[in-house]
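Asks: My file is my_file.cif. It has mmCIF, C-alpha atoms:
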data_start
loop_
_atom_site.label_atom_id
_atom_site.label_comp_id
_atom_site.auth_asym_id
_atom_site.auth_seq_id
_atom_site.Cartn_x
_atom_site.Cartn_y
_atom_site.Cartn_z
CA MET A 1326 0.00 0.00 0.00
CA ALA A 1327 1.36 3.38 -0.95
CA VAL A 1328 1.88 5.90 1.80
CA THR A 1329 -0.45 8.89 1.73
CA HIS A 1330 -0.45 12.10 3.72
CA HIS A 1331 -3.03 14.16 5.54
CA ASN A 1332 -3.70 17.51 3.87
CA ASP A 1333 -1.94 19.31 6.73
CA VAL A 1334 1.22 17.34 5.96
CA LYS A 1335 0.93 17.96 2.22
CA LYS A 1336 0.59 21.68 2.85
CA ALA A 1337 3.61 21.63 5.17
CA ILE A 1338 5.70 19.84 2.53
CA ALA A 1339 4.71 22.29 -0.20
CA ASP A 1340 5.33 25.31 2.04
CA ALA A 1341 8.75 23.89 2.94
CA VAL A 1342 9.61 23.62 -0.76
CA LEU A 1343 8.58 27.23 -1.26
CA GLY A 1344 10.57 28.23 1.80
CA GLU A 1345 13.70 26.71 0.31
CA ILE A 1346 13.19 28.43 -3.03
CA ASP A 1347 12.51 31.81 -1.43
CA GLU A 1348 14.95 31.54 1.47
CA ASP A 1349 17.52 34.03 0.19
CA THR A 1350 17.43 37.70 -0.63
CA GLY A 1351 16.39 38.33 -4.22
CA ALA A 1352 14.25 36.44 -6.67
CA ALA A 1353 14.70 32.75 -7.38
CA ASP A 1354 15.06 31.56 -10.95
CA LEU A 1355 14.45 28.59 -13.19
CA VAL A 1356 17.31 27.58 -15.46
CA LEU A 1357 16.68 25.44 -18.54
CA GLN A 1358 19.66 23.25 -19.31
CA THR A 1359 20.97 20.83 -21.92
CA ALA A 1360 21.71 17.22 -21.00
CA GLY A 1361 25.26 18.40 -20.40
CA THR A 1362 24.03 20.93 -17.80
CA VAL A 1363 24.71 23.96 -19.96
CA ALA A 1364 22.39 26.85 -19.11
CA VAL A 1365 20.29 27.86 -22.12
CA ALA A 1366 17.65 30.16 -20.62
CA THR A 1367 17.16 31.69 -17.19
CA LEU A 1368 13.63 32.64 -16.17
CA VAL A 1369 13.32 34.82 -13.09
CA PHE A 1370 10.51 34.23 -10.61
CA ASN A 1371 8.63 36.94 -8.83
CA ASP A 1372 9.74 37.56 -5.26
CA PRO A 1373 8.16 35.85 -3.41
CA ALA A 1374 7.83 33.17 -6.05
CA ALA A 1375 4.40 31.98 -4.91
CA PRO A 1376 1.85 32.49 -2.17
CA ALA A 1377 1.57 29.88 0.56
CA ALA A 1378 0.39 26.45 -0.53
CA SER A 1379 -3.28 25.60 -0.73
CA THR A 1380 -4.87 23.48 1.98
CA THR A 1381 -4.29 20.43 -0.22
CA GLY A 1382 -0.55 21.11 -0.70
CA VAL A 1383 -0.44 22.80 -4.07
CA LEU A 1384 1.86 25.73 -4.84
CA THR A 1385 0.79 27.94 -7.73
CA PHE A 1386 3.61 30.21 -8.79
CA ASP A 1387 2.96 33.90 -9.32
CA ASN A 1388 3.03 34.66 -13.03
CA THR A 1389 2.37 38.41 -12.90
CA PRO A 1390 4.62 39.74 -14.26
CA THR A 1391 5.31 36.82 -16.56
CA ILE A 1392 8.04 34.35 -15.65
CA GLU A 1393 10.27 34.64 -18.70
CA ASP A 1394 13.65 35.09 -20.32
CA THR A 1395 13.38 37.55 -23.20
CA ASN A 1396 16.96 37.09 -24.37
CA ALA A 1397 17.94 33.46 -23.97
CA THR A 1398 21.57 32.43 -24.15
CA GLY A 1399 20.57 29.63 -26.52
CA ASN A 1400 22.33 26.43 -27.54
CA ALA A 1401 22.39 24.07 -30.51
CA SER A 1402 21.52 21.18 -28.19
CA PRO A 1403 17.97 20.85 -26.87
CA VAL A 1404 17.07 21.50 -23.26
CA THR A 1405 16.24 18.36 -21.31
CA LYS A 1406 16.14 19.44 -17.67
CA PHE A 1407 15.76 22.35 -15.31
CA VAL A 1408 17.01 23.52 -11.98
CA ILE A 1409 15.31 25.99 -9.67
CA ARG A 1410 17.74 28.16 -7.71
CA SER A 1411 17.24 30.44 -4.75
CA GLY A 1412 18.00 34.15 -4.94
CA THR A 1413 21.69 33.49 -4.28
CA ASN A 1414 21.87 30.73 -6.91
CA VAL A 1415 21.71 27.78 -4.53
CA GLU A 1416 20.22 24.82 -6.40
CA LYS A 1417 16.98 23.60 -4.84
CA VAL A 1418 14.83 21.62 -7.27
CA TYR A 1419 15.55 19.52 -10.36
CA GLY A 1420 13.22 18.21 -13.04
CA SER A 1421 12.77 17.23 -16.66
CA VAL A 1422 11.94 19.33 -19.70
CA GLY A 1423 10.47 18.10 -22.96
CA THR A 1424 7.59 18.59 -25.32
CA ALA A 1425 5.40 15.76 -24.07
CA THR A 1426 2.71 15.82 -21.46
CA PRO A 1427 2.39 14.49 -18.83
CA THR A 1428 5.77 12.74 -18.87
CA ASP A 1429 7.84 15.92 -18.65
CA ASP A 1430 7.75 18.19 -15.61
CA ILE A 1431 7.91 21.22 -17.88
CA ALA A 1432 6.46 20.89 -21.38
CA LEU A 1433 7.83 23.45 -23.84
CA SER A 1434 6.57 24.27 -27.32
CA SER A 1435 10.13 23.63 -28.50
CA THR A 1436 13.16 22.25 -26.70
CA THR A 1437 15.53 23.92 -29.13
CA ILE A 1438 16.19 27.45 -27.90
CA GLY A 1439 18.32 29.84 -29.90
CA ALA A 1440 20.29 32.87 -28.82
CA GLY A 1441 17.93 35.79 -28.34
CA ASP A 1442 14.81 33.63 -28.16
CA THR A 1443 12.09 34.34 -25.61
CA VAL A 1444 10.87 31.64 -23.23
CA GLN A 1445 7.74 32.15 -21.12
CA VAL A 1446 6.20 29.67 -18.72
CA THR A 1447 2.68 29.46 -17.43
CA SER A 1448 0.69 27.31 -15.02
CA LEU A 1449 3.72 26.47 -12.89
CA THR A 1450 2.61 24.37 -9.96
CA TYR A 1451 4.10 22.05 -7.39
CA THR A 1452 1.88 19.39 -5.87
CA ALA A 1453 3.05 17.68 -2.70
CA PRO A 1454 3.11 13.87 -2.61
CA PRO A 1455 -0.35 12.37 -2.18
CA MET B 17 13.57 -7.18 9.85
CA SER B 18 13.26 -4.29 7.46
CA ILE B 19 10.16 -2.38 6.65
CA LYS B 20 9.79 -0.85 3.22
CA ILE B 21 7.37 2.01 2.88
CA GLY B 22 6.09 2.86 -0.56
CA ALA B 23 5.92 6.60 -1.09
CA GLN B 24 4.70 8.58 -4.04
CA LYS B 25 6.42 11.68 -5.32
CA GLY B 26 5.63 15.36 -5.45
CA LYS B 27 4.95 16.71 -8.89
CA TRP B 28 6.05 19.78 -10.82
CA ARG B 29 4.05 20.96 -13.75
CA ALA B 30 4.44 23.87 -16.14
CA PHE B 31 4.06 24.77 -19.77
CA GLY B 32 6.30 27.05 -21.78
CA LEU B 33 6.19 28.90 -25.06
CA VAL B 34 9.38 29.57 -27.01
CA ARG B 35 9.56 32.41 -29.52
CA ASP B 36 12.45 33.08 -31.86
CA LYS B 37 14.23 36.40 -31.73
CA ASN B 38 11.76 37.80 -34.24
CA GLY B 39 8.87 36.92 -31.97
CA LYS B 40 7.59 34.01 -34.05
CA PRO B 41 6.35 31.13 -31.90
CA LYS B 42 8.30 27.88 -32.15
CA VAL B 43 5.52 25.32 -31.99
CA ASN B 44 4.54 21.99 -33.48
CA LYS B 45 2.94 22.51 -36.90
CA ASP B 46 0.40 19.85 -35.96
CA ILE B 47 -1.78 21.92 -33.67
CA SER B 48 -3.41 18.82 -32.21
CA LYS B 49 -0.09 18.20 -30.44
CA ILE B 50 0.08 21.63 -28.82
CA PRO B 51 -0.99 21.47 -25.15
CA LYS B 52 -3.87 23.81 -24.37
CA PRO B 53 -1.95 25.98 -21.88
CA ILE B 54 0.64 26.67 -24.62
CA TRP B 55 -2.06 27.23 -27.22
CA ASP B 56 -3.64 29.80 -24.89
CA MET B 57 -0.34 31.72 -24.74
CA LEU B 58 -0.54 32.42 -28.48
CA THR B 59 -2.26 35.50 -29.83
CA PRO B 60 -5.55 35.02 -31.72
CA GLU B 61 -3.72 35.93 -34.93
CA GLU B 62 -1.06 33.30 -34.32
CA GLN B 63 -3.71 30.70 -33.55
CA GLU B 64 -5.52 31.51 -36.77
CA GLU B 65 -2.31 31.30 -38.78
CA LEU B 66 -1.54 27.90 -37.30
CA ARG B 67 -5.09 26.67 -37.95
CA ASN B 68 -4.78 27.66 -41.58
CA GLY B 69 -1.37 26.10 -42.01
CA SER B 70 -1.77 23.15 -39.67
CA ASP B 71 -0.10 19.95 -40.76
CA THR B 72 -2.17 17.17 -39.32
CA SER B 73 -0.94 14.48 -41.66
#
Here is a file; write its structure as structure tokens.
Replies:
Amino acid sequence: MAVTHHNDVKKAIADAVLGEIDEDTGAADLVLQTAGTVAVATLVFNDPAAPAASTTGVLTFDNTPTIEDTNATGNASPVTKFVIRSGTNVEKVYGSVGTATPTDDIALSSTTIGAGDTVQVTSLTYTAPP
Amino acid sequence: MSIKIGAQKGKWRAFGLVRDKNGKPKVNKDISKIPKPIWDMLTPEEQEELRNGSDTS
């Protein structure tokens, strides 16, 4: 039987994740990377990045103003993963990037990002374990 | 004796739109493969252009 959590625990987990992301001075960011961990685009969160988690343990990141990079570094290789860093660039969260849903944590319209491209994300959420 | 506890994972979810440096969206030409949250990030004009030129073959 899989372990499940009371909503209070799920909310505490999600708020702890947000606390880690927002722990430092300055805005956190989301860096899209190639398989070789080369940074291709850096999207800056709002500060704070999100309001407190919902009662069921869901964080919904603030997207006003838009979380974006309007002048990506770019790379010939596609992006395959991301890292979320705190305001002082301490790595906090890792995940996958692709074009498929729901297998990828972040689904992009294209994983090939050129120099000067713009990348915008929407509907960024974290859901605590069930 | 060891006890193994099965735990499920937290989940991240987001959608992103990439535009080239001229502002043109970089999306699948087959619009049936574009997730709705990404589709909704396009302007009405861009959606219309993709509908007219959609490659669904």
Asks: Skipping near chain neighbours, those fewer than 4 positions away, what residues fall within 12 Å of B:Asp56 using all atoms listed in the file, listed as a VMD selection string?
Replies: (chain A and resid 1434 1446 to 1448) or (chain B and resid 31 to 33 47 50 to 52 60 to 63)
Asks: Using all atoms listed in the file, which of A:Asn1414, A:Ser1421, A:Asn1396, A:Thr1452 sits nearest B:Gly39?
Replies: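 Using all atoms listed in the file, B:Gly39 sits closest to A:Asn1396.
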Asks: I'd like the residues picked by the PyMOL selection byres ((chain A and resi 1413) around 12) written out as an NGL selection string, using the chain letters and numbers from the file.
Replies: :A and (1345-1354 or 1409-1412 or 1414-1417)
Asks: Running the PyMOL selection byres ((chain A) within 6 of (chain B)) on this model by hand, what would come out? Give it as a list in words.
Replies: Ala1327, Val1328, Asp1430, Ile1431, Ala1432, Leu1433, Ser1434, Ser1435, Gly1441, Asp1442, Thr1443, Val1444, Gln1445, Val1446, Thr1447, Ser1448, Leu1449, Thr1450, Tyr1451, Thr1452, Ala1453 and Pro1454 of chain A
Asks: Which residues, named as in the file, does the PyMOL selection byres ((chain A and resi 1364-1378) around 8) pick out? Answer as a count of residues only.
Replies: 41
